[in-house]
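Encoded as structure tokens, the structure appears first; notes follow it.
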2 protein chains.
Amino acid sequence: MDATPTDTRYAAGAAYLDGAFMPIGEAKIPITDWGYRRSDVTYDVVSVWEGLFFRLDEHVTRFRASMEKLRLRPRETDEEIKAILHRCVALAGLRSAYVAMDCLRGRPERGKPYHPAFARNYVAAFAIPWVSIVDEEMMQKGAHMIVADTVRIPPESVDPTAKNFHWGDLTRAQFEARDRGADFAILTDGAGLVTEGAGFNVFAVTGKRVVSPHRGALEGVTRLSVLELCPELGLEPVIEPMSVEALRGADEIFMTTTAGGVMPVSRIDGRILCNDRPGPVTMKLHDLFWAKRRAGWLGTPVDYAAA
Amino acid sequence: MDATPTDTRYAAGAAYLDGAFMPIGEAKIPITDWGYRRSDVTYDVVSVWEGLFFRLDEHVTRFRASMEKLRLRPRETDEEIKAILHRCVALAGLRSAYVAMDCLRGRPERGKPYHPAFARNYVAAFAIPWVSIVDEEMMQKGAHMIVADTVRIPPESVDPTAKNFHWGDLTRAQFEARDRGADFAILTDGAGLVTEGAGFNVFAVTGKRVVSPHRGALEGVTRLSVLELCPELGLEPVIEPMSVEALRGADEIFMTTTAGGVMPVSRIDGRILCNDRPGPVTMKLHDLFWAKRRAGWLGTPVDYAAA
């Protein structure tokens, strides 16, 4: 099936908003909507690579779980949400895409109690051209990371397993990274344990052990994929508490995200890892991840006829 | 000056968005904007009552301080922001209004680094008819409050003195309140100290002492006003750590917010205060607050000719 967009209005991307499809530039949130005004919203992101959604069902299942945790109940079923995502990608005619799905609280109508229980929740979605959060140059040299002073919002306040836009701490940490000449920041829980960064999970490799923090972070789908691939390379996937010292002392560090896959880190707080280059275990996982993706691993073909 | 709107398109409210004025229903945020997508935004709210802004300069000064804390630098000066707020109220022809000002991060253009430092920040604002978060019935009987299990996002993660839309904890606590048959929830810092609720500050009255928590909460302008009014009534304004026990054991409890002024609480976790009615000190402060407001205290007349 051809992926050429039939309508150039969708060249920059296609969106769905509460029942209607539109070019991405027309998809906008009312300034009074609590989805914006209280960040009362959850979301998920799935990637499309060479015409295939990656782990689509799992993303939609996680999206539904996030909605339930926040008591968001839109009219769309899971099957309808999948059909919406297919149509967004098809309308935009994208072979590779970053595909987002949001569920917003809305806002109670005038006269109803001023409480989130009385708002009509609704779904938005969009597909835009895929862009990695690390560019080719950074993939070659490895990213420079710092451990931020800013502390991750704790699970007792906002549940990180319900994907959310509460990025104030992550944004603050991004400025810390820039101020210290680094590319990315990782946040702790304030008690010496590593959590996550701005939209990415972190891994520390020591010997054959490939470790990801046990709590305080989103349970990323790319993270899960890496954990699953480890045995194929004779590596041991481990989920356990990760201290800042363990991270700083690791042989290798890498990040995972839907918009980037496996991304190498070559410096942590100025300390040079692996001769200032991506580590060998990291690159083996990177290469295997993309080889599997190209081979159709856990892929769902985009229904380009849905446009 | 007459406050009748000259244009019925603005009857529901008037807005300003990045340079243009429009009816409130047309003021919308792009779904890809980080102001929504990362809640990378700050805001402030000022009230207009009977044709007068209340403490307008202080709200705009606090708004600027919030922007600086988050490194948000829009093109509008403080004087321009004030003129925008006057014009929003004048366009909508409102004698009493809830007037919001936001500054959003925006999003880096394609090709620029994917970092908030590279986005063009911009201002939005709007004026809509004034509605209190407590209705007349609740003013008569007093609100029912609970101490939530959800913990307030700590200052080490997100600075509460830069007014923000990170309301996930506050929203969760609002559902806790509803589940327990109450109207409002107050959040603690997780270590037994009281912070704030969803958009309001809290006060505990014991004898002549009128106490507000010292940290972990927004430094509300209505809160400040109440602290300033205390001496006129022979009361002692106190800012100090407030334990949950001190709150539960208080003679009276009340809340303050821009959208509501001074609001009585008659129950805390089921315990009845003051015969299940608003307390006498609370009502004295309430009455004095509104008498001063009506008399023009710290008021700036809306320039209705600005429409």
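Within each chain, counting starts at residue 1; across the structure tokens, chains are named A, B, ... in the order shown, with ligands numbered 1 upward in that order.
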
Any idea which chain B residues end up within 6 Å of chain A if we count only C-alpha atoms, as a ChimeraX atom specification please? /B:27-31,36-39,150-153,156-158,165-169

Written file, previous selection with N, CA and C atoms, as a CSV table (one decimal), in the first residue's frame:
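So the final result, stored in part-v2.csv, reads:
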chain,number,residue,atom,x,y,z
B,27,ALA,N,-9.8,31.1,21.7
B,27,ALA,CA,-8.4,31.1,22.3
B,27,ALA,C,-8.0,29.6,22.5
B,28,LYS,N,-7.1,29.1,21.7
B,28,LYS,CA,-6.8,27.7,21.8
B,28,LYS,C,-5.3,27.5,21.7
B,29,ILE,N,-4.8,26.5,22.3
B,29,ILE,CA,-3.3,26.2,22.4
B,29,ILE,C,-3.0,25.0,21.4
B,30,PRO,N,-2.0,25.2,20.6
B,30,PRO,CA,-1.6,24.0,19.7
B,30,PRO,C,-1.4,22.8,20.5
B,31,ILE,N,-1.8,21.6,20.0
B,31,ILE,CA,-1.7,20.4,20.7
B,31,ILE,C,-0.2,20.0,20.8
B,36,TYR,N,1.3,23.1,26.7
B,36,TYR,CA,0.3,22.0,27.0
B,36,TYR,C,1.0,20.7,27.2
B,37,ARG,N,1.9,20.3,26.3
B,37,ARG,CA,2.4,19.0,26.2
B,37,ARG,C,3.4,18.6,27.3
B,38,ARG,N,4.0,19.7,27.9
B,38,ARG,CA,4.9,19.5,29.1
B,38,ARG,C,4.5,20.3,30.2
B,39,SER,N,3.3,20.9,30.1
B,39,SER,CA,2.8,21.8,31.2
B,39,SER,C,3.9,22.8,31.5
B,150,THR,N,-3.0,11.9,49.4
B,150,THR,CA,-2.1,12.3,48.3
B,150,THR,C,-1.2,13.4,48.9
B,151,VAL,N,0.1,13.4,48.5
B,151,VAL,CA,1.1,14.3,49.1
B,151,VAL,C,1.3,15.4,48.0
B,152,ARG,N,1.4,16.7,48.5
B,152,ARG,CA,1.7,17.8,47.6
B,152,ARG,C,3.0,17.6,46.9
B,153,ILE,N,3.1,17.9,45.6
B,153,ILE,CA,4.4,17.9,44.9
B,153,ILE,C,5.4,18.8,45.6
B,156,GLU,N,11.2,20.8,46.0
B,156,GLU,CA,12.4,20.3,45.4
B,156,GLU,C,12.2,19.8,44.0
B,157,SER,N,10.9,19.5,43.7
B,157,SER,CA,10.6,19.0,42.3
B,157,SER,C,10.0,20.2,41.5
B,158,VAL,N,9.0,20.8,42.0
B,158,VAL,CA,8.4,21.9,41.3
B,158,VAL,C,8.1,23.1,42.3
B,165,PHE,N,0.5,24.7,36.5
B,165,PHE,CA,-0.6,23.8,36.2
B,165,PHE,C,-0.4,22.4,36.6
B,166,HIS,N,0.6,22.1,37.5
B,166,HIS,CA,0.9,20.7,37.9
B,166,HIS,C,-0.1,20.4,39.0
B,167,TRP,N,-1.3,20.0,38.5
B,167,TRP,CA,-2.4,19.8,39.5
B,167,TRP,C,-2.7,18.4,39.6
B,168,GLY,N,-1.9,17.5,39.2
B,168,GLY,CA,-2.2,16.0,39.3
B,168,GLY,C,-2.5,15.6,40.7
B,169,ASP,N,-1.6,16.1,41.6
B,169,ASP,CA,-1.9,15.7,43.1
B,169,ASP,C,-3.1,16.4,43.6

Would you list, as a ChimeraX atom specification, the residues of region 28-97 of chain A that end up in helix (DSSP H, G or I) under DSSP run on this structure's backbone? /A:34-37,56-69,78-92

Preceding selection exported with C-alpha atoms as a compact mmCIF listing (two decimals), in the first residue's frame:
# COMPACT_ATOMS: atom_id res chain seq x y z
CA TRP A 34 -8.54 21.54 32.41
CA GLY A 35 -6.45 19.28 30.18
CA TYR A 36 -4.27 22.36 29.72
CA ARG A 37 -5.20 24.52 32.70
CA LEU A 56 0.57 -0.95 19.22
CA ASP A 57 -1.71 -3.08 21.38
CA GLU A 58 0.54 -2.66 24.41
CA HIS A 59 0.64 1.13 24.02
CA VAL A 60 -3.14 1.33 23.78
CA THR A 61 -3.52 -1.04 26.75
CA ARG A 62 -1.15 1.15 28.79
CA PHE A 63 -3.03 4.27 27.63
CA ARG A 64 -6.30 2.73 28.86
CA ALA A 65 -4.68 1.82 32.20
CA SER A 66 -3.44 5.42 32.57
CA MET A 67 -6.94 6.72 31.84
CA GLU A 68 -8.43 4.40 34.46
CA LYS A 69 -5.89 5.50 37.07
CA ASP A 78 -9.59 0.68 22.44
CA GLU A 79 -10.45 -0.60 18.95
CA GLU A 80 -11.70 2.84 17.95
CA ILE A 81 -8.52 4.44 19.30
CA LYS A 82 -6.39 2.07 17.18
CA ALA A 83 -8.47 2.90 14.10
CA ILE A 84 -7.97 6.63 14.82
CA LEU A 85 -4.20 6.17 15.04
CA HIS A 86 -4.13 4.22 11.75
CA ARG A 87 -6.12 6.95 10.06
CA CYS A 88 -3.89 9.77 11.40
CA VAL A 89 -0.78 8.04 10.00
CA ALA A 90 -2.54 7.23 6.73
CA LEU A 91 -3.86 10.79 6.27
CA ALA A 92 -0.36 12.18 6.79

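CA of Ile268 (chain A) to CA of Asp179 (chain A) spans 14.7 Å [interatomic distance, one decimal].
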
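Neighbouring residues of Pro23 (chain B) at 8 Å or closer, counting only C-alpha atoms and skipping chain neighbours under 6 positions away, are Arg9, Tyr10, Ala12, Gly13, Ala14 and Ala15 of chain B.
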
Print the selection's residues with N, CA and C atoms to a file, as a short mmCIF file (atom, residue, chain, number, x, y, z; two decimals), in the first residue's frame.
data_model
loop_
_atom_site.label_atom_id
_atom_site.label_comp_id
_atom_site.auth_asym_id
_atom_site.auth_seq_id
_atom_site.Cartn_x
_atom_site.Cartn_y
_atom_site.Cartn_z
N ARG B 9 -20.02 39.09 20.38
CA ARG B 9 -19.12 37.95 20.21
C ARG B 9 -18.31 37.71 21.49
N TYR B 10 -18.14 38.78 22.29
CA TYR B 10 -17.31 38.69 23.49
C TYR B 10 -18.12 38.42 24.76
N ALA B 12 -19.21 35.78 26.21
CA ALA B 12 -18.74 34.70 27.09
C ALA B 12 -17.35 34.97 27.65
N GLY B 13 -16.70 36.03 27.16
CA GLY B 13 -15.36 36.33 27.61
C GLY B 13 -14.49 36.76 26.44
N ALA B 14 -13.39 37.43 26.77
CA ALA B 14 -12.47 37.91 25.74
C ALA B 14 -11.07 37.42 26.06
N ALA B 15 -10.30 37.14 25.01
CA ALA B 15 -8.95 36.60 25.20
C ALA B 15 -7.93 37.32 24.35
#

From a DSSP pass on the backbone, collect the residues of region 67-294 of chain B flagged as strand (DSSP E) and hand them back as number ranges by chain. B: 97-104, 122-129, 143-151, 184-188, 194-197, 201-206, 209-213, 236-240, 252-257, 261-268, 271-272

Residues from the last selection, C-alpha atoms, saved as a PDB file, in the first residue's frame:
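The file below, result-v7.pdb, is the result:
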ATOM      1  CA  ALA B  97     -14.369  39.002  36.196  1.00  0.00           C
ATOM      2  CA  TYR B  98     -11.854  36.214  36.614  1.00  0.00           C
ATOM      3  CA  VAL B  99      -8.829  37.420  34.674  1.00  0.00           C
ATOM      4  CA  ALA B 100      -6.015  35.008  33.826  1.00  0.00           C
ATOM      5  CA  MET B 101      -2.584  35.613  32.319  1.00  0.00           C
ATOM      6  CA  ASP B 102      -0.451  32.718  31.039  1.00  0.00           C
ATOM      7  CA  CYS B 103       3.072  32.558  29.620  1.00  0.00           C
ATOM      8  CA  LEU B 104       3.725  29.427  27.541  1.00  0.00           C
ATOM      9  CA  TYR B 122       4.434  33.934  24.413  1.00  0.00           C
ATOM     10  CA  VAL B 123       1.655  35.401  26.514  1.00  0.00           C
ATOM     11  CA  ALA B 124      -2.042  34.506  26.581  1.00  0.00           C
ATOM     12  CA  ALA B 125      -4.717  36.148  28.730  1.00  0.00           C
ATOM     13  CA  PHE B 126      -8.452  36.116  29.149  1.00  0.00           C
ATOM     14  CA  ALA B 127     -11.354  37.605  31.111  1.00  0.00           C
ATOM     15  CA  ILE B 128     -14.494  35.572  31.839  1.00  0.00           C
ATOM     16  CA  PRO B 129     -17.456  36.215  34.161  1.00  0.00           C
ATOM     17  CA  ALA B 143     -17.323  23.653  53.355  1.00  0.00           C
ATOM     18  CA  HIS B 144     -16.466  20.097  54.374  1.00  0.00           C
ATOM     19  CA  MET B 145     -12.733  19.421  54.132  1.00  0.00           C
ATOM     20  CA  ILE B 146     -10.530  16.356  54.394  1.00  0.00           C
ATOM     21  CA  VAL B 147      -6.797  15.901  54.799  1.00  0.00           C
ATOM     22  CA  ALA B 148      -5.841  13.928  51.672  1.00  0.00           C
ATOM     23  CA  ASP B 149      -3.577  10.898  51.510  1.00  0.00           C
ATOM     24  CA  THR B 150      -2.085  12.315  48.313  1.00  0.00           C
ATOM     25  CA  VAL B 151       1.072  14.308  49.053  1.00  0.00           C
ATOM     26  CA  PHE B 184     -12.397  20.054  49.410  1.00  0.00           C
ATOM     27  CA  ALA B 185      -9.095  18.388  50.266  1.00  0.00           C
ATOM     28  CA  ILE B 186      -5.995  19.832  51.846  1.00  0.00           C
ATOM     29  CA  LEU B 187      -2.634  18.208  51.082  1.00  0.00           C
ATOM     30  CA  THR B 188       0.313  17.618  53.363  1.00  0.00           C
ATOM     31  CA  VAL B 194      -0.159  21.143  55.908  1.00  0.00           C
ATOM     32  CA  THR B 195       0.491  22.814  52.528  1.00  0.00           C
ATOM     33  CA  GLU B 196      -2.429  23.884  50.283  1.00  0.00           C
ATOM     34  CA  GLY B 197      -5.430  22.619  48.332  1.00  0.00           C
ATOM     35  CA  ASN B 201      -4.542  28.544  50.731  1.00  0.00           C
ATOM     36  CA  VAL B 202      -5.690  27.360  54.155  1.00  0.00           C
ATOM     37  CA  PHE B 203      -5.877  29.141  57.514  1.00  0.00           C
ATOM     38  CA  ALA B 204      -6.373  27.791  61.032  1.00  0.00           C
ATOM     39  CA  VAL B 205      -7.765  30.111  63.721  1.00  0.00           C
ATOM     40  CA  THR B 206      -7.000  29.341  67.367  1.00  0.00           C
ATOM     41  CA  ARG B 209      -4.013  33.572  66.213  1.00  0.00           C
ATOM     42  CA  VAL B 210      -4.738  33.338  62.473  1.00  0.00           C
ATOM     43  CA  VAL B 211      -2.188  30.886  61.094  1.00  0.00           C
ATOM     44  CA  SER B 212      -1.155  30.059  57.511  1.00  0.00           C
ATOM     45  CA  PRO B 213       1.472  27.409  56.605  1.00  0.00           C
ATOM     46  CA  GLU B 236      -2.533  38.089  65.228  1.00  0.00           C
ATOM     47  CA  PRO B 237      -1.414  37.009  61.727  1.00  0.00           C
ATOM     48  CA  VAL B 238       1.055  34.106  61.929  1.00  0.00           C
ATOM     49  CA  ILE B 239       3.064  32.299  59.255  1.00  0.00           C
ATOM     50  CA  GLU B 240       4.543  29.128  60.723  1.00  0.00           C
ATOM     51  CA  GLU B 252     -11.972  27.622  62.961  1.00  0.00           C
ATOM     52  CA  ILE B 253     -10.651  26.849  59.484  1.00  0.00           C
ATOM     53  CA  PHE B 254     -11.046  28.849  56.313  1.00  0.00           C
ATOM     54  CA  MET B 255      -9.694  28.919  52.763  1.00  0.00           C
ATOM     55  CA  THR B 256      -8.611  31.869  50.619  1.00  0.00           C
ATOM     56  CA  THR B 257      -8.473  32.173  46.839  1.00  0.00           C
ATOM     57  CA  GLY B 261     -12.054  35.457  48.721  1.00  0.00           C
ATOM     58  CA  VAL B 262     -12.477  34.091  52.284  1.00  0.00           C
ATOM     59  CA  MET B 263     -14.400  30.771  52.414  1.00  0.00           C
ATOM     60  CA  PRO B 264     -15.474  29.074  55.675  1.00  0.00           C
ATOM     61  CA  VAL B 265     -14.870  25.406  56.524  1.00  0.00           C
ATOM     62  CA  SER B 266     -17.290  23.773  58.970  1.00  0.00           C
ATOM     63  CA  ARG B 267     -15.941  20.196  59.018  1.00  0.00           C
ATOM     64  CA  ILE B 268     -12.468  18.694  58.905  1.00  0.00           C
ATOM     65  CA  ARG B 271     -15.032  16.683  62.934  1.00  0.00           C
ATOM     66  CA  ILE B 272     -17.567  19.483  63.355  1.00  0.00           C
TER      67      ILE B 272
END

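Checking A:Val45, A:Leu229, A:Val244, A:Ala162 one by one against Asp269 (chain A), counting only C-alpha atoms, you find the shortest gap at A:Val244.
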
Quick one: residues within 12 Å of Glu232 (chain B), only C-alpha atoms counted, chain neighbours fewer than 5 positions away excluded, as a PyMOL selection string? chain B and resi 225-227+237+284-285+288-289+292

Which residues, written as a PDB file with all heavy atoms, in the first residue's frame, have at least one atom at most 7 Å from Ser243 (chain A), with only C-alpha atoms counted and residues fewer than 2 positions away on the same chain left out?
ATOM      1  N   GLY A 192      18.858   9.461  46.826  1.00  0.00           N
ATOM      2  CA  GLY A 192      20.043   8.808  46.265  1.00  0.00           C
ATOM      3  C   GLY A 192      19.768   7.752  45.218  1.00  0.00           C
ATOM      4  O   GLY A 192      20.694   7.126  44.707  1.00  0.00           O
ATOM      5  N   LEU A 193      18.476   7.548  44.858  1.00  0.00           N
ATOM      6  CA  LEU A 193      18.154   6.549  43.837  1.00  0.00           C
ATOM      7  C   LEU A 193      17.774   7.229  42.523  1.00  0.00           C
ATOM      8  O   LEU A 193      17.084   8.251  42.501  1.00  0.00           O
ATOM      9  CB  LEU A 193      17.007   5.645  44.299  1.00  0.00           C
ATOM     10  CG  LEU A 193      17.300   4.727  45.489  1.00  0.00           C
ATOM     11  CD1 LEU A 193      16.070   3.883  45.823  1.00  0.00           C
ATOM     12  CD2 LEU A 193      18.497   3.816  45.204  1.00  0.00           C
ATOM     13  N   VAL A 194      18.238   6.612  41.429  1.00  0.00           N
ATOM     14  CA  VAL A 194      18.002   7.143  40.095  1.00  0.00           C
ATOM     15  C   VAL A 194      16.573   6.830  39.657  1.00  0.00           C
ATOM     16  O   VAL A 194      16.049   5.740  39.922  1.00  0.00           O
ATOM     17  CB  VAL A 194      19.025   6.507  39.116  1.00  0.00           C
ATOM     18  CG1 VAL A 194      18.686   6.832  37.672  1.00  0.00           C
ATOM     19  CG2 VAL A 194      20.440   6.967  39.472  1.00  0.00           C
ATOM     20  N   PRO A 241      16.746  -1.345  42.552  1.00  0.00           N
ATOM     21  CA  PRO A 241      17.094   0.016  42.936  1.00  0.00           C
ATOM     22  C   PRO A 241      18.479   0.372  42.383  1.00  0.00           C
ATOM     23  O   PRO A 241      19.404  -0.431  42.464  1.00  0.00           O
ATOM     24  CB  PRO A 241      17.115  -0.042  44.473  1.00  0.00           C
ATOM     25  CG  PRO A 241      16.233  -1.203  44.826  1.00  0.00           C
ATOM     26  CD  PRO A 241      16.439  -2.198  43.721  1.00  0.00           C
ATOM     27  N   GLU A 245      25.595   6.295  42.781  1.00  0.00           N
ATOM     28  CA  GLU A 245      26.962   5.756  42.734  1.00  0.00           C
ATOM     29  C   GLU A 245      27.065   4.613  41.731  1.00  0.00           C
ATOM     30  O   GLU A 245      28.035   4.502  40.981  1.00  0.00           O
ATOM     31  CB  GLU A 245      27.408   5.247  44.120  1.00  0.00           C
ATOM     32  CG  GLU A 245      27.587   6.337  45.167  1.00  0.00           C
ATOM     33  CD  GLU A 245      26.265   6.980  45.594  1.00  0.00           C
ATOM     34  OE1 GLU A 245      25.244   6.258  45.656  1.00  0.00           O
ATOM     35  OE2 GLU A 245      26.247   8.204  45.813  1.00  0.00           O
ATOM     36  N   ALA A 246      26.046   3.730  41.715  1.00  0.00           N
ATOM     37  CA  ALA A 246      26.051   2.612  40.771  1.00  0.00           C
ATOM     38  C   ALA A 246      25.996   3.126  39.333  1.00  0.00           C
ATOM     39  O   ALA A 246      26.667   2.600  38.438  1.00  0.00           O
ATOM     40  CB  ALA A 246      24.877   1.672  41.047  1.00  0.00           C
ATOM     41  N   LEU A 247      25.190   4.176  39.114  1.00  0.00           N
ATOM     42  CA  LEU A 247      25.109   4.756  37.760  1.00  0.00           C
ATOM     43  C   LEU A 247      26.453   5.359  37.367  1.00  0.00           C
ATOM     44  O   LEU A 247      26.983   5.082  36.286  1.00  0.00           O
ATOM     45  CB  LEU A 247      24.011   5.832  37.718  1.00  0.00           C
ATOM     46  CG  LEU A 247      23.832   6.525  36.362  1.00  0.00           C
ATOM     47  CD1 LEU A 247      23.205   5.586  35.344  1.00  0.00           C
ATOM     48  CD2 LEU A 247      22.976   7.795  36.496  1.00  0.00           C
TER      49      LEU A 247
END

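The spacing separating CA of Arg105 (chain B) from CA of Phe21 (chain B) amounts to 19.6 Å.
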
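The residue that comes closest to Tyr304 (chain B), out of B:Leu72, B:Leu94, B:Ala182, B:Met139 and on the basis of only C-alpha atoms, is B:Leu94.
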